[in-house]
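Participant: This structure is in structure tokens; I'll ask about it shortly.
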Amino acid sequence: MRVLLALVAIALACHASANPTDSTQVGRKERRARTSGHELRNPLLNAAYQFVKEFSRVDTQYVEPQHYNFTVMLQNTNTYEIYHLANKTGQEIVFVPKPSVKLGPYVGWRWVFLGYTFDLKHINFGNNHTNKKEFDLSLYSSLLGIDLFWRQTGNDYHVQRMNLGEHINCAPIHKTPFDGFKSSIKGFNLYYIFNHRRFSYPAAYSQSTVQRRSAGSMLLGIGYTEHELEVNWDKLTNLVDEKLNKNLTDGGTPEAKIDSSLMFSKVKYSDVNVTCGYAYNWVFAKNWLFNASLSVGVAYNSSKSDNESELLDITNFSFKNVNLDGIGRFGVVWNNTHWYAGASTIIHSYNYKKKQFSTNNSFGSLNIYVGVNFGRKRHH
């Protein structure tokens, strides 16, 4: 399920505080501030009012605001992920699940956008044999953005690639199904958009504005994730024997064995990161937009596994716990304010490296959509 919400709760809370019902005099001042652009005299009310307004303030020479109250959209979502495990001896294993192909409707009212997608490859009327679960929440405003995610993988993985050393042919195990790998990830990314009045993330990823002139912006963010990996090594060893060692003869290819340093049964690690990046909206034709965004983060890891355990303790800072993460976003949109269509992809990459082994986890989604806005706003 993919749910898109704007920052409604905070906006409503601040909006309520800026609209008192027990004082008609303050109410008249606020109404005058709305129509004339003057600030409220009460500092607290004015701060709340200006804070809310900043989320939607744009330079209209660069960004055209939304003219409609409602929208409906049909979206195809394709998800993918990859796990790369390696140990200190150079052995490596890559696990990849079957990609998910989903389709579903979305409806929206101003900043609120809700929808549900159905997995077309696993429509089984309530019996999810793959045990795959996923929740994504993306919030976009001109000033701030946030990604919330929780993914629990199923049992439909296969061995995409394996390297157990020189002179060992691992080709026979390529793309072999393997149900002994499990993983989960949950976390968030929060980022600030510096040039938020001329550069619009919503124009590229939520279609709530239209970028009229090309512009870019620096991005600064923070994030936190929790990862959990579990491998049934007995199953994997049996699979290696079946595929790689079954037909060995004396003096032939050496026996394939997985080094014990890689054989943890379960590992959990947390990732705290600070990211910096740049995003650019290129208006290459009327009503057309191409967006590219890339952020690189410096991440500090803490872990708990069979082999070693470390707590997240900044006071005992160690560079051996520092790794690099990355987030990439790309999108192309056609939007004439009434009709819109496009495609976008978001890719997350996390790295974890310890003395005994390392892992890289990348996951993302490709969205293809078409929609229409209706219920034109009244302008006073």
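By order in the structure tokens, chains are A, B, ...; within a chain, residues start at 1; ligands start at 1, following the order shown.
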Tell me, as a PyMOL selection string, which residues lie within 9 Å of Val240 of chain A, counting only C-alpha atoms; anything in the same chain fewer than 2 positions away does not count.

Facilitator: chain A and resi 170+173+235-238+242-246+256-258

Participant: Based on the backbone DSSP call, show me all residues of segment 83-186 of chain A assigned helix (DSSP H, G or I), as a ChimeraX atom specification.

Facilitator: /A:120-122,171-173

Participant: May I have a table of the residues of segment 134-185 of chain A lying at most 10 Å from segment 216-224 of chain A, giving each one's closest pair of atoms and their distance in Å to one decimal, counting only C-alpha atoms, ordered by chain and ascending residue number, as JSON lines?

Facilitator:
```
{"residue": "A:Leu144", "atom": "CA", "partner": "A:Gly221", "partner_atom": "CA", "distance": 9.5}
{"residue": "A:Gly145", "atom": "CA", "partner": "A:Gly221", "partner_atom": "CA", "distance": 9.1}
{"residue": "A:Ile146", "atom": "CA", "partner": "A:Gly221", "partner_atom": "CA", "distance": 9.2}
{"residue": "A:Asp147", "atom": "CA", "partner": "A:Gly223", "partner_atom": "CA", "distance": 9.2}
{"residue": "A:Leu148", "atom": "CA", "partner": "A:Gly223", "partner_atom": "CA", "distance": 9.8}
```

Participant: Please dump the current selection as an mmCIF file, in the first residue's frame; keep all heavy atoms.

Facilitator:
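File produced: selection-v4.cif:
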```cif
data_model
loop_
_atom_site.group_PDB
_atom_site.id
_atom_site.type_symbol
_atom_site.label_atom_id
_atom_site.label_comp_id
_atom_site.auth_asym_id
_atom_site.auth_seq_id
_atom_site.Cartn_x
_atom_site.Cartn_y
_atom_site.Cartn_z
ATOM 1 N N LEU A 144 9.633 21.427 3.053
ATOM 2 C CA LEU A 144 10.140 20.198 3.659
ATOM 3 C C LEU A 144 9.580 18.977 2.946
ATOM 4 O O LEU A 144 8.516 19.031 2.338
ATOM 5 C CB LEU A 144 9.748 20.118 5.139
ATOM 6 C CG LEU A 144 10.321 21.150 6.105
ATOM 7 C CD1 LEU A 144 9.676 20.984 7.478
ATOM 8 C CD2 LEU A 144 11.826 21.020 6.216
ATOM 9 N N GLY A 145 10.308 17.879 3.055
ATOM 10 C CA GLY A 145 9.822 16.598 2.554
ATOM 11 C C GLY A 145 10.201 15.505 3.525
ATOM 12 O O GLY A 145 11.171 15.623 4.275
ATOM 13 N N ILE A 146 9.416 14.439 3.541
ATOM 14 C CA ILE A 146 9.722 13.316 4.419
ATOM 15 C C ILE A 146 9.302 12.018 3.745
ATOM 16 O O ILE A 146 8.278 11.956 3.068
ATOM 17 C CB ILE A 146 9.027 13.466 5.791
ATOM 18 C CG1 ILE A 146 9.464 12.334 6.735
ATOM 19 C CG2 ILE A 146 7.513 13.515 5.648
ATOM 20 C CD1 ILE A 146 9.014 12.535 8.172
ATOM 21 N N ASP A 147 10.125 10.986 3.893
ATOM 22 C CA ASP A 147 9.820 9.631 3.440
ATOM 23 C C ASP A 147 9.757 8.734 4.668
ATOM 24 O O ASP A 147 10.708 8.670 5.443
ATOM 25 C CB ASP A 147 10.900 9.094 2.492
ATOM 26 C CG ASP A 147 11.017 9.901 1.217
ATOM 27 O OD1 ASP A 147 9.979 10.336 0.703
ATOM 28 O OD2 ASP A 147 12.155 10.108 0.751
ATOM 29 N N LEU A 148 8.636 8.052 4.851
ATOM 30 C CA LEU A 148 8.481 7.032 5.881
ATOM 31 C C LEU A 148 8.296 5.686 5.189
ATOM 32 O O LEU A 148 7.555 5.599 4.208
ATOM 33 C CB LEU A 148 7.263 7.327 6.764
ATOM 34 C CG LEU A 148 7.241 8.672 7.488
ATOM 35 C CD1 LEU A 148 5.883 8.879 8.144
ATOM 36 C CD2 LEU A 148 8.345 8.755 8.525
#
```

Participant: Pick out the closest residue to Leu143 of chain A from this set: A:Leu190, A:Leu85, A:Leu229, A:Leu239. Count only C-alpha atoms.

Facilitator: A:Leu190

Participant: Nearest to Ile185 of chain A: which of A:Arg212, A:Arg197, A:His227, A:His158 is it, counting only C-alpha atoms?

Facilitator: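 Closest to Ile185 of chain A, using only C-alpha atoms: A:His227.
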
Participant: Find the nearest atom pair between each residue of segment 272-369 of chain A and segment 61-79 of chain A for residues within 6 Å, count only C-alpha atoms, give distances in Å to one decimal, sort rows by chain and ascending number, and present the table as CSV.

Facilitator:
```
residue,atom,partner,partner_atom,distance
A:Gly364,CA,A:Thr79,CA,5.9
A:Ser365,CA,A:Thr79,CA,4.3
A:Leu366,CA,A:Asn78,CA,5.0
A:Asn367,CA,A:Thr77,CA,4.5
A:Ile368,CA,A:Asn76,CA,5.1
A:Tyr369,CA,A:Gln75,CA,4.2
```

Participant: Which neighbours of Val332 of chain A fall inside 12 Å, counting only C-alpha atoms, when residues of the same chain fewer than 6 positions from it are skipped, and could you give them as JSON, numbers by chain?

Facilitator: {"A": [203, 204, 205, 206, 207, 211, 280, 281, 282, 283, 284, 285, 287, 288, 289, 290, 291, 292, 340, 341, 342, 343, 344, 345, 366, 367, 368, 369]}

Participant: Record the distance separating atom CA of Pro254 of chain A and atom CA of Ile168 of chain A, expressed in Å with one decimal.

Facilitator: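 Distance between the two atoms: 6.5 Å.
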
Participant: Between A:Ser293, A:Ser141, A:Ser261, A:Thr153, which has the minimum distance to Pro99 of chain A (counting only C-alpha atoms)?

Facilitator: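 The answer is A:Thr153, which sits nearest to Pro99 of chain A.
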
Participant: Please indicate the distance in Å from atom CA of Ser265 of chain A to atom CA of Lys132 of chain A, rounded to one decimal place.

Facilitator: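 Computing the Euclidean distance for atom CA of Ser265 of chain A and atom CA of Lys132 of chain A yields 20.3 Å.
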
Participant: List the spatial neighbours of Ser295 of chain A as number ranges by chain - criterion: any atom at most 8 Å away, only C-alpha atoms, same-chain residues fewer than 4 positions off excluded.

Facilitator: A: 219, 275-278, 326-328

Participant: Just write the chosen residues, C-alpha atoms, as a JSON list (two decimals), in the first residue's frame.

Facilitator:
```json
[["chain", "number", "residue", "atom", "x", "y", "z"],
["A", 219, "LEU", "CA", 19.03, 19.70, 0.01],
["A", 275, "THR", "CA", 22.53, 13.77, 3.97],
["A", 276, "CYS", "CA", 23.42, 16.56, 1.60],
["A", 277, "GLY", "CA", 22.42, 16.75, -2.04],
["A", 278, "TYR", "CA", 21.08, 18.69, -4.97],
["A", 326, "GLY", "CA", 22.51, 7.37, -0.92],
["A", 327, "ILE", "CA", 19.05, 8.45, -2.09],
["A", 328, "GLY", "CA", 18.21, 9.11, -5.75]]
```

Participant: Could you tell me which of A:Ala215, A:Phe135, A:Val107, A:His174 comes closest to Asn373 of chain A if we count only C-alpha atoms?

Facilitator: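 Smallest distance to Asn373 of chain A is found for A:Val107.
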
Participant: Quick one: distance from atom CA of Val94 of chain A to atom CA of Val322 of chain A in Å, one decimal?

Facilitator: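 For atom CA of Val94 of chain A relative to atom CA of Val322 of chain A, the distance reads 22.7 Å.
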